[in-house]
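Here's the structure we're looking at; comments come further down.
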Amino acid sequence: MPEDGRANKERIRKMCWSRVFLSSWLLLLLLLQLQCSEAVPISMDKTKVKEPEQQFKEPPASVDTGLHYDRYLREVIDFLEKDQHFREKLHNTDMEDIKQGKLAKELDFVSHHVRTKLDELKRQEVNRLRTLIKAKQDVEGGNDIAVDHQALLKQFEYLNHMNPHTFEVDDLDLLIKSATNDLENFDKERHEEFKRYEMMKEHDRQEHLKSLDEEERRKEEEHYEEMRKKHADHPKINHPGSQNQLKEVWEDADGLDPEDFDPKTFFKLHDSNGDGFFDEQELEALFTKELEKIYDPTNEEDDMVEMEEERLRMREHVMNEVDSNKDRLVSMDEFLVATKKKEFLEPDSWETLEQNQMYTDEEMREFEEHLAQQEQDLQLKAVDLQKQREELEKQQEQLNSQKIELQQAVEHMERLKSQKVEPPPEDHVEGNAIPEMHQVDDQLHFEHEAQQQQQHGLHPGYLAPEDTPQEHHGQQNPDLAQHGLPQTHQDLPPGHHQVSQDQHNVP
């Protein structure tokens with residue numbers, strides 16, 4: 001049958017246990033028996049069928065189970081199937097024995113090459129889990145907290161965390177049990193997710209109505225009721241898995257006469273992979289015709305998420321009625337037995353989603369309380385983030401101020417360095433050479449004197465009587481007299497009086 005082009009991505013992830021685990025293990029003997037023969041179309045004469053040339057066929061790609069350890073699960077299965085001893089043990093092991101761990105004990109007898117590869121796969125998986133734990137901790141802001149990986153690995157029940165290096169019997173046993181349990185609960189989790197989706201849709205609708213005035217609210221309610229009635233107005237839905245439902249597929253999809261309907265032929269036509277079983281995807285493909293009666297992606301009133309939920313409900317119903325050994329597969333024998341039951345010939349009417357209440361008033365109330373709590377938590381986080389932002393901005397301003405001050409200090413030091421005056425060369429005169437003091441020293445001397453005068457309340461430039469130039473120059477320097485040097489300007493030889501008055505005589 002053609003694939004339903006409107007099936008969303010979520011449906012692709014619905015991996016049945018048969019594709020990756022059960023059909024790969026429990027049905028291996030059947031596949032080996034069938035690989036040398038070709039199924040002959042029913043309408044053909046077997047005597048005229050030519051033997052096809054044997055060609056290598058690649059195994060079908062495994063479908064994602066939707067489990068977070070899907071890759072690890074499929075890689076372990078692929079390598080175990082390469083061991084001849086392990087494959088032989090599979091032929092004599094039923095599903096219940098596998099669940100009870102009897103098959104896992106055969107791991108001790110697989111080849112060394114396979115065991116080595118399994119050890120490597122486990123180490124890779126443990127490292128992946130540790131990386132996830134570290135990433136989660138970083139997101140939650142616990143960078144400075146030491147991580148106890150051994151304690152956190154306990155939450156992953158599909159491997160033995162106490163031995164992260166080698167793949168042992170316990171690892172295979174835990175993997176089988178965890179995968180079986182998780183896949184059995186997979187549909188239940190999907191139903192819960194759909195229920196939350198429906199409650200959120202109703203919550204959003206009510207919130208939208210609150211934002212409208214009375215007239216707009218009335219129009220919106222009328223439009224809502226109109227869409228509900230339009231969606232409910234569809235052709236009769238056949239009971240999934242009933243004779244009438246399968247006859248419609250036989251006629252519309254297969255192009256055959258309903259009067260010639262044959263259950264065995266129908267099974268072979270729709271066993272798309274030819275493994276002798278209907279898996280979950282093959283069953284769901286049978287309901288496409290019924291779903292098209294209710295849902296059209298171009299219609300405003302039809303929700304494609306609801307269509308996939310309806311498909312899931314149909315498949316679960318058929319599995320519960322037909323799958324007698326509960327291995328999530330429908331064999332031909334189980335199918336033929338079901339076609340002889342009264343429920344197949346005279347089924348009850350099928351109630352669609354709009355005829356069933358998806359949630360109770362109490363569940364809706366709890367859901368809205370949960371949303372309100374989430375909103376409150378988000379607001380508190382927003383306030384905390386705003387405070388952190390303001391603090392960071394304040395720190396940034398302080399850093400900018402410090403940067404500006406540092407730049408100004410550096411520029412000031414550069415200016416002082418560029419303004420430093422080099423000492424002038426010595427002036428030589430005939431006779432004795434008179435050393436000169438730096439002008440900067442004179443300036444500092446005068447500035448010092450001015451500061452002292454200001455401290456004593458004197459006007460800058462005021463000269464005390466004892467400091468008058470005449471008296472100052474009239475004082476004799478006994479050190480100069482001892483060396484026979486002139487003591488004042490008046491004692492200088494002729495021609496030396498033109499020396500700048502701002503220069504001081506030094507010994």
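In the structure tokens, chains take the letters A, B, ... in the order shown, each chain's residues start at 1, and ligands count up from 1 in the order shown.
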Problem - Val114 of chain A surroundings by only C-alpha atoms, 10 Å radius, close-in-sequence under 5 positions cut, as a PyMOL selection string - result: chain A and resi 76+79-83+107+119-120
Exercise for the section: Could you tell me, as an NGL selection string, which residues of segment 148-231 of chain A DSSP assigns to helix (DSSP H, G or I) when given the backbone? Expected result: :A and (149-155 or 169-210 or 214-231)
Exercise for the section: Enter the distance from atom CA of Gln388 of chain A to atom CA of Val139 of chain A, in Å, rounded to one decimal. Expected result: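 Atom CA of Val139 of chain A lies 16.5 Å from atom CA of Gln388 of chain A.
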Practice task
Please report, as a PyMOL selection string, each residue of segment 217-369 of chain A to which DSSP assigns strand (DSSP E) when run on this structure's backbone.
Solution key: chain A and resi 277-278+330-331
Practice task
Write out as a list in words the residues lying within 9 Å of Phe194 of chain A, counting only C-alpha atoms and excluding same-chain residues fewer than 5 positions away.
Solution key: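 Answer for this query is Glu189, Met199, Val305, Glu306, Glu309 and Met358 of chain A.
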Practice task
Quote the spacing between atom CA of Leu345 of chain A and atom CA of Asn244 of chain A in Å to one decimal place.
Solution key: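 Calculated distance between atom CA of Leu345 of chain A and atom CA of Asn244 of chain A is 7.9 Å.
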Practice task
Using only C-alpha atoms, determine which residues lie at most 12 Å from Leu286 of chain A, disregarding the query and same-chain residues fewer than 4 positions distant; provide the list as a PyMOL selection string.
Solution key: chain A and resi 1-4+238-242+245-250+252-254+266-267+269-272+278-282+290-292+311-312+314-315+318
